[in-house]
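**Q** One file: model.txt (compact mmCIF, C-alpha atoms).
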# COMPACT_ATOMS: atom_id res chain seq x y z
CA MET K 131 11.76 1.15 2.10
CA LYS K 132 8.45 1.14 0.29
CA LYS K 133 6.85 -1.09 2.96
CA ILE K 134 6.70 1.86 5.36
CA PHE K 135 4.58 3.81 2.85
CA LEU K 136 1.29 2.40 4.14
CA LEU K 137 2.21 3.44 7.68
CA ILE K 138 2.80 7.04 6.60
CA ILE K 139 -0.54 7.12 4.79
CA LEU K 140 -2.27 5.98 7.95
CA LEU K 141 -0.53 8.69 9.96
CA LEU K 142 -1.07 11.59 7.59
CA TRP K 143 -4.43 10.82 5.98
CA PRO K 144 -7.12 12.87 7.80
CA ALA K 145 -8.70 10.89 10.60
CA LEU K 146 -11.78 13.05 10.98
CA SER K 147 -14.64 12.94 8.51
CA MET K 148 -18.15 14.38 8.33
CA ALA K 149 -21.16 13.13 6.37
CA GLN K 150 -24.59 14.73 6.30
CA ASP K 151 -27.99 14.64 4.63
CA ASN K 152 -31.28 16.46 5.21
CA ASN K 153 -32.17 14.65 8.48
CA SER K 154 -28.88 13.55 10.09
CA VAL K 155 -25.42 14.85 10.97
CA GLU K 156 -22.42 12.69 11.92
CA LEU K 157 -19.20 13.88 13.55
CA GLN K 158 -16.15 11.87 14.62
CA PHE K 159 -13.83 12.85 17.47
CA LYS K 160 -11.36 11.42 19.96
CA ALA K 161 -12.49 10.43 23.44
CA ARG K 162 -11.12 8.61 26.50
CA VAL K 163 -12.81 5.76 28.39
CA GLU K 164 -13.51 6.99 31.94
CA LYS K 165 -15.66 4.10 33.21
CA VAL K 166 -16.88 0.71 32.07
CA LEU K 167 -20.49 0.95 33.24
CA LEU K 168 -21.59 -2.52 32.19
CA GLU K 169 -20.09 -5.46 30.31
CA LYS K 170 -21.72 -8.49 28.72
CA ASN K 171 -20.28 -11.46 26.84
CA MET K 172 -22.40 -12.91 24.04
CA GLU K 173 -21.83 -16.17 22.17
CA ARG K 174 -22.35 -16.54 18.43
CA GLU K 175 -23.74 -19.58 16.67
CA ASP K 176 -20.24 -20.67 15.58
CA GLY K 177 -19.06 -20.78 19.21
CA SER K 178 -17.05 -17.55 19.15
CA SER K 179 -17.85 -14.80 21.63
CA ILE K 180 -18.26 -11.04 21.47
CA THR K 181 -18.00 -8.52 24.31
CA GLN K 182 -20.45 -5.62 24.44
CA GLN K 183 -20.05 -2.71 26.83
CA ASN K 184 -21.72 0.43 28.09
CA LEU K 185 -19.05 3.10 28.51
CA GLU K 186 -18.62 6.55 30.00
CA LEU K 187 -16.43 8.70 27.75
CA LEU K 188 -14.63 12.04 28.07
CA ILE K 189 -14.55 14.03 24.81
CA LEU K 190 -10.96 15.14 24.08
CA GLU K 191 -11.44 17.53 21.14
CA GLY K 192 -13.88 19.68 19.26
CA SER K 193 -16.60 22.03 20.43
CA GLU K 194 -17.77 19.54 23.09
CA LYS K 195 -14.28 18.98 24.56
CA GLY K 196 -14.44 18.12 28.28
CA GLN K 197 -18.00 16.82 28.22
CA ILE K 198 -18.89 13.40 29.61
CA ILE K 199 -21.02 11.19 27.35
CA LYS K 200 -22.37 7.64 27.49
CA TYR K 201 -22.09 4.92 24.89
CA GLU K 202 -24.76 2.22 25.06
CA GLY K 203 -23.04 -0.70 23.35
CA ILE K 204 -24.97 -3.58 24.87
CA ASN K 205 -27.69 -5.03 22.65
CA ASP K 206 -26.23 -3.26 19.60
CA PHE K 207 -26.75 -6.24 17.31
CA GLU K 208 -25.80 -4.31 14.18
CA VAL K 209 -22.14 -4.57 15.17
CA VAL K 210 -20.48 -7.59 13.59
CA GLU K 211 -17.30 -7.30 15.66
CA GLN K 212 -16.79 -5.32 18.85
CA ASN K 213 -13.59 -4.28 20.60
CA SER K 214 -13.27 -4.61 24.35
CA TYR K 215 -12.17 -1.33 25.98
CA ARG K 216 -10.53 -0.55 29.31
CA VAL K 217 -10.44 2.58 31.44
CA GLY K 218 -7.90 5.01 29.96
CA ASP K 219 -8.18 3.76 26.38
CA LYS K 220 -8.41 6.47 23.74
CA VAL K 221 -11.06 5.80 21.14
CA ILE K 222 -12.61 7.27 18.00
CA ALA K 223 -16.23 8.09 18.81
CA GLN K 224 -19.04 9.31 16.61
CA LYS K 225 -21.94 11.61 17.37
CA THR K 226 -25.02 11.09 15.26
CA VAL K 227 -27.85 13.63 15.40
CA ILE K 228 -31.16 12.46 13.94
CA ASP K 229 -34.12 14.84 14.12
CA GLY K 230 -32.41 16.73 16.95
CA GLN K 231 -31.63 13.63 19.04
CA ALA K 232 -27.93 12.90 19.68
CA GLN K 233 -26.55 9.38 19.91
CA TYR K 234 -22.93 8.38 20.52
CA TYR K 235 -21.02 5.36 19.21
CA VAL K 236 -17.52 4.03 19.72
CA LEU K 237 -15.90 3.11 16.40
CA ASP K 238 -12.36 1.96 17.20
CA TYR K 239 -9.17 2.52 19.14
CA VAL K 240 -6.94 5.55 18.55
CA ARG K 241 -3.78 4.01 17.13
CA THR K 242 -1.92 7.09 15.84
CA GLN K 243 0.46 7.29 18.82
CA THR K 244 1.59 3.68 18.36
CA LEU K 245 2.08 4.24 14.64
CA LEU K 246 4.01 7.44 15.33
CA TRP K 247 6.42 5.67 17.69
CA LEU K 248 6.99 2.94 15.10
CA LEU K 249 7.70 5.58 12.47
CA ILE K 250 10.18 7.36 14.78
CA ILE K 251 12.04 4.08 15.42
CA PHE K 252 12.21 3.45 11.68
CA VAL K 253 13.56 6.94 10.90
CA VAL K 254 16.14 6.83 13.70
CA LEU K 255 17.43 3.41 12.61
CA VAL K 256 17.69 4.47 8.95
CA LEU K 257 19.57 7.66 9.84
CA PHE K 258 21.85 5.89 12.33
CA LEU K 259 22.80 2.99 10.06
CA ALA K 260 22.77 4.66 6.64
CA ARG K 261 23.47 8.28 7.63
CA GLY K 262 23.63 10.47 4.51
CA LYS K 263 22.34 7.74 2.25
CA GLY K 264 19.52 7.07 4.70
CA LEU K 265 18.57 10.75 4.75
CA LYS K 266 18.33 10.75 0.96
CA ALA K 267 16.20 7.60 1.10
CA LEU K 268 13.82 9.21 3.60
CA LEU K 269 13.57 12.34 1.46
CA SER K 270 12.79 10.26 -1.62
CA LEU K 271 10.15 8.39 0.37
CA ALA K 272 8.54 11.65 1.46
CA LEU K 273 8.54 12.97 -2.10
CA THR K 274 7.05 9.69 -3.34
CA PHE K 275 4.29 10.08 -0.78
CA ALA K 276 3.70 13.65 -1.93
CA VAL K 277 3.46 12.66 -5.61
CA ILE K 278 0.90 9.95 -4.88
CA MET K 279 -1.22 11.75 -2.29
CA TYR K 280 -1.12 15.29 -3.70
CA PHE K 281 -0.99 14.56 -7.43
CA LEU K 282 -2.09 11.03 -8.33
CA VAL K 283 -5.01 10.65 -5.91
CA PRO K 284 -6.55 14.12 -6.52
CA GLN K 285 -6.23 13.70 -10.29
CA ILE K 286 -7.98 10.33 -10.21
CA LEU K 287 -10.77 11.76 -8.05
CA ALA K 288 -11.07 14.62 -10.55
CA GLY K 289 -11.90 12.12 -13.29
CA GLY K 290 -8.45 11.48 -14.77
CA ASP K 291 -7.47 8.12 -16.27
CA PRO K 292 -5.75 6.19 -13.43
CA PHE K 293 -3.61 4.15 -15.85
CA TRP K 294 -1.92 7.09 -17.61
CA LEU K 295 -1.73 9.08 -14.40
CA ALA K 296 0.07 6.14 -12.75
CA ILE K 297 2.53 5.96 -15.66
CA PHE K 298 3.28 9.69 -15.31
CA ALA K 299 3.48 9.53 -11.50
CA SER K 300 5.76 6.48 -11.66
CA THR K 301 8.09 8.36 -14.00
CA ILE K 302 8.28 11.29 -11.60
CA ILE K 303 8.86 8.95 -8.64
CA ALA K 304 11.62 7.11 -10.51
CA LEU K 305 13.31 10.41 -11.36
CA VAL K 306 13.17 11.56 -7.75
CA VAL K 307 14.30 8.30 -6.15
CA ILE K 308 17.12 7.51 -8.56
CA TYR K 309 18.68 10.96 -8.86
CA LEU K 310 18.26 11.82 -5.20
CA THR K 311 19.80 8.59 -3.90
CA GLU K 312 22.38 7.89 -6.63
CA GLY K 313 23.26 11.39 -7.88
CA PHE K 314 23.31 12.86 -11.37
CA ASN K 315 25.59 10.45 -13.25
CA ARG K 316 25.59 7.85 -15.98
CA LEU K 317 24.56 5.04 -13.64
CA SER K 318 21.46 7.03 -12.69
CA HIS K 319 20.67 7.82 -16.33
CA LEU K 320 20.88 4.16 -17.31
CA SER K 321 18.86 3.08 -14.27
CA LEU K 322 16.10 5.49 -15.25
CA VAL K 323 16.05 4.15 -18.81
CA ALA K 324 15.79 0.59 -17.50
CA VAL K 325 12.95 1.53 -15.14
CA LEU K 326 11.00 3.31 -17.88
CA LEU K 327 11.43 0.43 -20.34
CA THR K 328 10.21 -2.05 -17.74
CA LEU K 329 7.26 0.19 -16.79
CA ILE K 330 6.20 0.33 -20.44
CA ILE K 331 6.25 -3.48 -20.55
CA THR K 332 4.30 -3.60 -17.27
CA GLY K 333 1.67 -1.22 -18.63
CA LEU K 334 1.25 -3.16 -21.87
CA MET K 335 1.03 -6.52 -20.11
CA SER K 336 -1.38 -5.34 -17.42
CA THR K 337 -3.66 -3.77 -20.05
CA TRP K 338 -3.60 -6.81 -22.32
CA PHE K 339 -4.11 -9.50 -19.70
CA GLY K 340 -6.54 -7.35 -17.73
CA ASN K 341 -8.73 -7.13 -20.83
CA LEU K 342 -8.30 -10.84 -21.67
CA ALA K 343 -9.35 -11.82 -18.14
CA ARG K 344 -12.23 -9.30 -18.20
CA LEU K 345 -11.10 -7.74 -14.92
CA THR K 346 -13.40 -4.91 -13.81
CA GLY K 347 -11.45 -3.67 -10.80
CA LEU K 348 -14.59 -3.95 -8.68
CA ALA K 349 -13.88 -7.30 -7.05
CA SER K 350 -12.49 -5.81 -3.84
CA GLU K 351 -14.68 -4.29 -1.16
CA ASP K 352 -12.49 -1.17 -1.09
CA SER K 353 -13.32 -0.37 -4.71
CA SER K 354 -17.05 -0.87 -4.18
CA PHE K 355 -17.02 1.83 -1.51
CA LEU K 356 -15.95 4.36 -4.16
CA ILE K 357 -18.99 3.84 -6.37
CA GLY K 358 -21.13 6.96 -6.45
CA VAL K 359 -19.23 8.86 -3.75
CA THR K 360 -17.06 11.00 -6.04
CA GLN K 361 -18.01 13.93 -8.24
CA TYR K 362 -16.59 12.23 -11.33
CA PRO K 363 -16.87 8.53 -12.25
CA ILE K 364 -13.77 6.44 -11.55
CA ASN K 365 -12.32 4.06 -14.12
CA PHE K 366 -11.99 1.04 -11.83
CA GLN K 367 -10.22 -1.13 -14.38
CA GLY K 368 -7.69 1.67 -14.87
CA LEU K 369 -7.39 1.95 -11.10
CA LEU K 370 -6.53 -1.74 -10.91
CA LEU K 371 -3.89 -1.38 -13.64
CA ALA K 372 -2.47 1.68 -11.87
CA GLY K 373 -2.08 -0.39 -8.71
CA ILE K 374 -0.14 -3.05 -10.62
CA ILE K 375 2.21 -0.42 -12.04
CA LEU K 376 2.87 1.24 -8.68
CA GLY K 377 3.32 -2.12 -6.96
CA THR K 378 5.89 -3.19 -9.53
CA LEU K 379 7.74 0.12 -9.27
CA GLY K 380 8.08 -0.44 -5.52
CA VAL K 381 10.60 -3.25 -6.03
CA LEU K 382 11.75 -2.38 -9.54
CA ASP K 383 14.03 0.54 -8.70
CA ASP K 384 15.78 -1.43 -5.95
CA LEU K 385 16.41 -4.37 -8.28
CA ILE K 386 17.69 -2.26 -11.17
CA ILE K 387 19.97 0.00 -9.13
CA SER K 388 21.44 -2.99 -7.28
CA GLN K 389 22.18 -4.72 -10.58
CA MET K 390 23.70 -1.58 -12.06
CA VAL K 391 25.99 -1.23 -9.04
CA ALA K 392 27.01 -4.90 -9.32
CA VAL K 393 28.01 -4.36 -12.95
CA GLN K 394 29.92 -1.22 -12.01
CA GLU K 395 31.89 -3.07 -9.32
CA ILE K 396 32.75 -5.93 -11.69
CA LYS K 397 34.08 -3.41 -14.21
CA LYS K 398 36.14 -1.68 -11.51
CA ALA K 399 37.59 -5.01 -10.37
CA ASN K 400 38.69 -5.99 -13.88
CA ALA K 401 38.65 -3.30 -16.53
CA GLN K 402 40.00 -5.76 -19.12
CA LEU K 403 36.77 -7.73 -19.32
CA SER K 404 34.64 -7.27 -22.42
CA TRP K 405 31.12 -5.94 -21.91
CA LEU K 406 29.74 -9.36 -22.86
CA GLU K 407 31.83 -11.09 -20.20
CA VAL K 408 30.74 -8.47 -17.66
CA TYR K 409 27.14 -9.12 -18.66
CA LYS K 410 27.49 -12.88 -18.11
CA ARG K 411 29.12 -12.47 -14.69
CA ALA K 412 26.62 -9.85 -13.54
CA MET K 413 23.70 -12.03 -14.61
CA LYS K 414 24.96 -14.78 -12.29
CA VAL K 415 24.68 -12.29 -9.43
CA GLY K 416 21.31 -11.05 -10.68
CA VAL K 417 19.72 -14.50 -10.92
CA SER K 418 20.27 -15.08 -7.20
CA HIS K 419 18.85 -11.65 -6.38
CA LEU K 420 15.95 -12.15 -8.74
CA SER K 421 14.73 -15.39 -7.17
CA SER K 422 14.49 -13.79 -3.73
CA MET K 423 12.81 -10.65 -5.10
CA THR K 424 10.16 -12.69 -6.96
CA ASN K 425 9.43 -14.69 -3.82
CA THR K 426 9.20 -11.44 -1.84
CA LEU K 427 6.62 -10.07 -4.28
CA PHE K 428 4.54 -13.24 -4.06
CA LEU K 429 4.66 -13.35 -0.26
CA ALA K 430 3.64 -9.67 -0.07
CA TYR K 431 0.47 -10.37 -2.07
CA ALA K 432 -0.18 -13.68 -0.30
CA GLY K 433 0.18 -12.05 3.11
CA ALA K 434 -2.28 -9.31 2.22
CA SER K 435 -4.74 -11.93 0.93
CA LEU K 436 -4.32 -14.47 3.75
CA PRO K 437 -7.94 -14.17 5.00
CA LEU K 438 -9.10 -14.91 1.45
CA LEU K 439 -6.87 -17.98 1.29
CA LEU K 440 -8.44 -19.26 4.51
CA LEU K 441 -11.90 -18.66 3.09
CA PHE K 442 -11.06 -20.57 -0.09
CA SER K 443 -9.66 -23.50 1.87
CA LEU K 444 -13.05 -23.99 3.58
CA LYS K 445 -14.53 -25.01 0.21
CA ARG K 446 -17.81 -23.20 0.64
CA GLU K 447 -19.93 -21.53 -2.03
CA PRO K 448 -18.80 -20.12 -4.40
CA PHE K 449 -15.36 -21.69 -3.81
CA LEU K 450 -16.01 -25.43 -4.03
CA SER K 451 -13.23 -26.32 -6.46
CA PHE K 452 -9.85 -25.04 -7.59
CA GLY K 453 -11.37 -23.90 -10.88
CA GLN K 454 -14.02 -21.85 -9.08
CA VAL K 455 -11.38 -20.31 -6.86
CA VAL K 456 -9.03 -19.14 -9.64
CA ASN K 457 -11.94 -17.97 -11.81
CA HIS K 458 -13.31 -15.70 -9.10
CA GLU K 459 -12.32 -12.15 -10.04
CA LEU K 460 -10.90 -11.31 -6.63
CA ILE K 461 -8.36 -14.13 -6.64
CA ALA K 462 -7.77 -13.91 -10.42
CA THR K 463 -6.84 -10.26 -9.92
CA GLU K 464 -4.22 -11.17 -7.31
CA ILE K 465 -2.81 -13.95 -9.50
CA ILE K 466 -2.49 -11.62 -12.49
CA ARG K 467 -1.02 -8.87 -10.32
CA THR K 468 1.60 -11.25 -8.91
CA LEU K 469 2.52 -12.86 -12.24
CA ILE K 470 2.79 -9.56 -14.14
CA GLY K 471 4.93 -8.07 -11.40
CA SER K 472 7.17 -11.15 -11.36
CA ILE K 473 7.47 -11.29 -15.17
CA CYS K 474 8.47 -7.63 -15.31
CA LEU K 475 11.08 -8.15 -12.60
CA VAL K 476 12.49 -11.06 -14.59
CA LEU K 477 12.68 -8.89 -17.72
CA ALA K 478 14.15 -5.93 -15.81
CA MET K 479 17.20 -7.96 -14.84
CA PRO K 480 18.67 -8.54 -18.36
CA ILE K 481 17.59 -5.04 -19.45
CA ALA K 482 19.45 -3.37 -16.56
CA THR K 483 22.45 -5.70 -16.86
CA PHE K 484 22.80 -5.10 -20.61
CA LEU K 485 22.57 -1.31 -20.31
CA ALA K 486 25.10 -1.22 -17.50
CA ALA K 487 27.53 -3.68 -19.11
CA ARG K 488 27.38 -1.94 -22.47
CA PHE K 489 27.35 1.72 -21.50
CA LEU K 490 28.89 2.20 -18.03
CA PRO K 491 32.50 3.41 -18.17
CA THR K 492 35.22 0.85 -17.43
CA ASP K 493 37.52 3.19 -15.46
CA LYS K 494 38.15 2.70 -11.74
CA SER K 495 36.77 6.12 -10.69
What does the file become when written as structure tokens?
**A**
Amino acid sequence: MKKIFLLIILLLWPALSMAQDNNSVELQFKARVEKVLLEKNMEREDGSSITQQNLELLILEGSEKGQIIKYEGINDFEVVEQNSYRVGDKVIAQKTVIDGQAQYYVLDYVRTQTLLWLLIIFVVLVLFLARGKGLKALLSLALTFAVIMYFLVPQILAGGDPFWLAIFASTIIALVVIYLTEGFNRLSHLSLVAVLLTLIITGLMSTWFGNLARLTGLASEDSSFLIGVTQYPINFQGLLLAGIILGTLGVLDDLIISQMVAVQEIKKANAQLSWLEVYKRAMKVGVSHLSSMTNTLFLAYAGASLPLLLLFSLKREPFLSFGQVVNHELIATEIIRTLIGSICLVLAMPIATFLAARFLPTDKS
């Protein structure tokens, strides 16, 4: 369920932005390709090719809606990569006014309609297959999105400590998800306790090992873009730790609730079993679940970092040896993120199993 979160951010995060200084004004808007006026293929030194185009565009929104403009893309050598557009494509264009002179640029395709259709398919399938449970899951997802985008992000931008804000936000998210999907009962109470205990361990481990490894949180290009653009300074190391906590929470609640339910079903099947025997049997189920969840976490990080893995395999400066690779902050950050998340999942299993085996009722209700 959490994997769709990035898609919703892309759909709902404002697509238009404006930046200005004393001499220039920039404005982004949607436009449609009316004509391909000229097209030219250029070859790079490495043998790959790039297509540059001159386009005629129709502005689709804003004060200049309906106007025809031209984009001169040929001989724009500042562009590292260039999309190839066809008539009818909707694009994001930018108008730049410098000393009264307007210039237009094409930035990228408009992808919101495709993303919207994918989101609709996802929602329909969840509601059709899971019905009431699926509706609760979608509501919890929407509330999770609201907590992060309308509480966590604004508070970080306002100068708050990302680490403690992430702990607080994760607690709120856990409350919402668990009680909304599972109801107000003892299983939910115990699940919440297990989540909070594991989050405390995650926070302590991420802080300790982040400091030991001297992680700054500035290794990624995304973080570097935030330097100097906010009113208050951002604690980038805290931002990194906050990301680890939220990433762990994404799979933690699923693991803990599933284990709690497994214990509950074992107790219902045989109420004569002692809590210790229930614990042993449930752990056998949990170990199988745990191995797949740990592998899922690793593959999620590896998939996101696949371009980096390709770069490292080329053995070019500064990645000539395995030691240089793992000591680079960017890859060390991903290793620490993966290992801390996996360790906390491993610890969450016996914590959840013990709480459920010891304190869930043994009746068949």
**Q** Place a sphere of radius 12 Å on (-12.9, -6.5, -8.8) in the file coordinates and name every protein, DNA or RNA residue with an atom inside or on its surface, counting all atoms listed in the file; give the answer as a PyMOL selection string.
**A** chain K and resi 340+343-355+365-371+457-464
**Q** Taking into account all atoms listed in the file, which residue in the set K:Ala267, K:Asp219, K:Val256, K:Ile466 is nearest to Glu312 (chain K)?
**A**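 Distance minimum relative to Glu312 (chain K) lands on K:Ala267.
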**Q** Within 10 Å of region 298-303 of chain K, counting all atoms listed in the file, which residues qualify if same-chain residues fewer than 2 places away don't, as a count of residues only?
**A** 30
**Q** Please provide the set of residues having any atom within 9 Å of Tyr215 (chain K), restricted to only C-alpha atoms, with same-chain residues fewer than 5 positions apart removed, written as a VMD selection string.
**A** chain K and resid 163 166 183 185 220 to 221 239
**Q** Neighbouring residues of Ile374 (chain K) were defined as those with any atom within 9 Å, considering all atoms listed in the file; residues of the same chain fewer than 6 positions away were excluded. Please report them as a VMD selection string.
**A** chain K and resid 332 to 333 336 467 to 468 470 to 471
**Q** Contacts of region 193-198 of chain K at 10 Å or less, counting all atoms listed in the file, minus same-chain residues fewer than 6 places along, as an NGL selection string?
**A** :K and (159-164 or 186-187)
**Q** So how many Å separate CA of Gly313 (chain K) and CA of Leu385 (chain K), to one decimal?
**A**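 Atom-to-atom, CA of Gly313 (chain K) to CA of Leu385 (chain K), that is 17.2 Å.
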**Q** As an exercise, work out the distance from CA of Leu268 (chain K) to CA of Ile386 (chain K) in Å and give it to one decimal place.
**A**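 CA of Ile386 (chain K) lies 19.1 Å from CA of Leu268 (chain K).
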**Q** Copy region 272-350 of chain K out of the block into a file, keeping C-alpha atoms, as a tab-separated table (two decimals), in the first residue's frame.
**A**
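File selection_20.tsv, as written:
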chain	number	residue	atom	x	y	z
K	272	ALA	CA	-4.89	9.55	2.44
K	273	LEU	CA	-4.49	10.51	6.09
K	274	THR	CA	-0.85	9.37	6.02
K	275	PHE	CA	-0.31	11.61	3.01
K	276	ALA	CA	-1.95	14.50	4.84
K	277	VAL	CA	0.22	14.05	7.95
K	278	ILE	CA	3.43	14.06	5.90
K	279	MET	CA	2.59	16.79	3.40
K	280	TYR	CA	0.64	19.16	5.65
K	281	PHE	CA	2.42	18.63	8.97
K	282	LEU	CA	5.85	17.02	8.60
K	283	VAL	CA	7.07	18.85	5.50
K	284	PRO	CA	5.91	22.37	6.55
K	285	GLN	CA	7.37	21.91	10.04
K	286	ILE	CA	10.75	20.87	8.63
K	287	LEU	CA	10.74	23.84	6.27
K	288	ALA	CA	9.90	26.06	9.25
K	289	GLY	CA	13.14	25.00	10.94
K	290	GLY	CA	11.92	22.07	13.06
K	291	ASP	CA	14.15	19.08	13.84
K	292	PRO	CA	13.34	16.46	11.16
K	293	PHE	CA	14.25	13.54	13.44
K	294	TRP	CA	11.83	14.36	16.28
K	295	LEU	CA	9.17	15.52	13.85
K	296	ALA	CA	9.43	12.18	12.03
K	297	ILE	CA	9.06	10.31	15.34
K	298	PHE	CA	5.92	12.31	16.16
K	299	ALA	CA	4.50	11.99	12.63
K	300	SER	CA	5.20	8.25	12.60
K	301	THR	CA	3.30	7.87	15.87
K	302	ILE	CA	0.29	9.71	14.43
K	303	ILE	CA	0.45	7.63	11.23
K	304	ALA	CA	0.64	4.39	13.22
K	305	LEU	CA	-2.37	5.43	15.29
K	306	VAL	CA	-4.39	6.26	12.20
K	307	VAL	CA	-3.47	3.19	10.17
K	308	ILE	CA	-3.83	0.63	12.95
K	309	TYR	CA	-7.06	1.86	14.52
K	310	LEU	CA	-8.73	2.70	11.22
K	311	THR	CA	-7.97	-0.66	9.59
K	312	GLU	CA	-8.13	-2.98	12.63
K	313	GLY	CA	-10.61	-1.20	14.91
K	314	PHE	CA	-10.37	-0.17	18.56
K	315	ASN	CA	-9.49	-3.45	20.28
K	316	ARG	CA	-6.72	-5.19	22.16
K	317	LEU	CA	-5.00	-6.40	18.99
K	318	SER	CA	-4.74	-2.80	17.81
K	319	HIS	CA	-3.45	-1.62	21.18
K	320	LEU	CA	-0.73	-4.27	21.22
K	321	SER	CA	0.18	-3.58	17.58
K	322	LEU	CA	0.64	0.10	18.38
K	323	VAL	CA	2.88	-0.73	21.34
K	324	ALA	CA	5.00	-3.00	19.14
K	325	VAL	CA	5.30	-0.33	16.44
K	326	LEU	CA	6.32	2.36	18.94
K	327	LEU	CA	8.91	0.11	20.61
K	328	THR	CA	10.42	-0.73	17.23
K	329	LEU	CA	10.42	2.93	16.14
K	330	ILE	CA	12.32	3.85	19.30
K	331	ILE	CA	14.94	1.21	18.44
K	332	THR	CA	15.05	2.50	14.85
K	333	GLY	CA	15.59	6.07	16.03
K	334	LEU	CA	18.36	5.09	18.44
K	335	MET	CA	20.16	2.92	15.89
K	336	SER	CA	19.89	5.44	13.06
K	337	THR	CA	21.23	8.22	15.31
K	338	TRP	CA	24.09	6.13	16.66
K	339	PHE	CA	25.28	4.62	13.40
K	340	GLY	CA	24.64	7.83	11.48
K	341	ASN	CA	27.01	9.62	13.85
K	342	LEU	CA	29.57	6.78	13.79
K	343	ALA	CA	29.62	6.82	9.98
K	344	ARG	CA	29.75	10.65	9.93
K	345	LEU	CA	26.77	10.84	7.57
K	346	THR	CA	25.89	14.43	6.67
K	347	GLY	CA	22.70	13.81	4.69
K	348	LEU	CA	24.11	15.88	1.82
K	349	ALA	CA	25.35	13.04	-0.37
K	350	SER	CA	22.28	13.00	-2.60
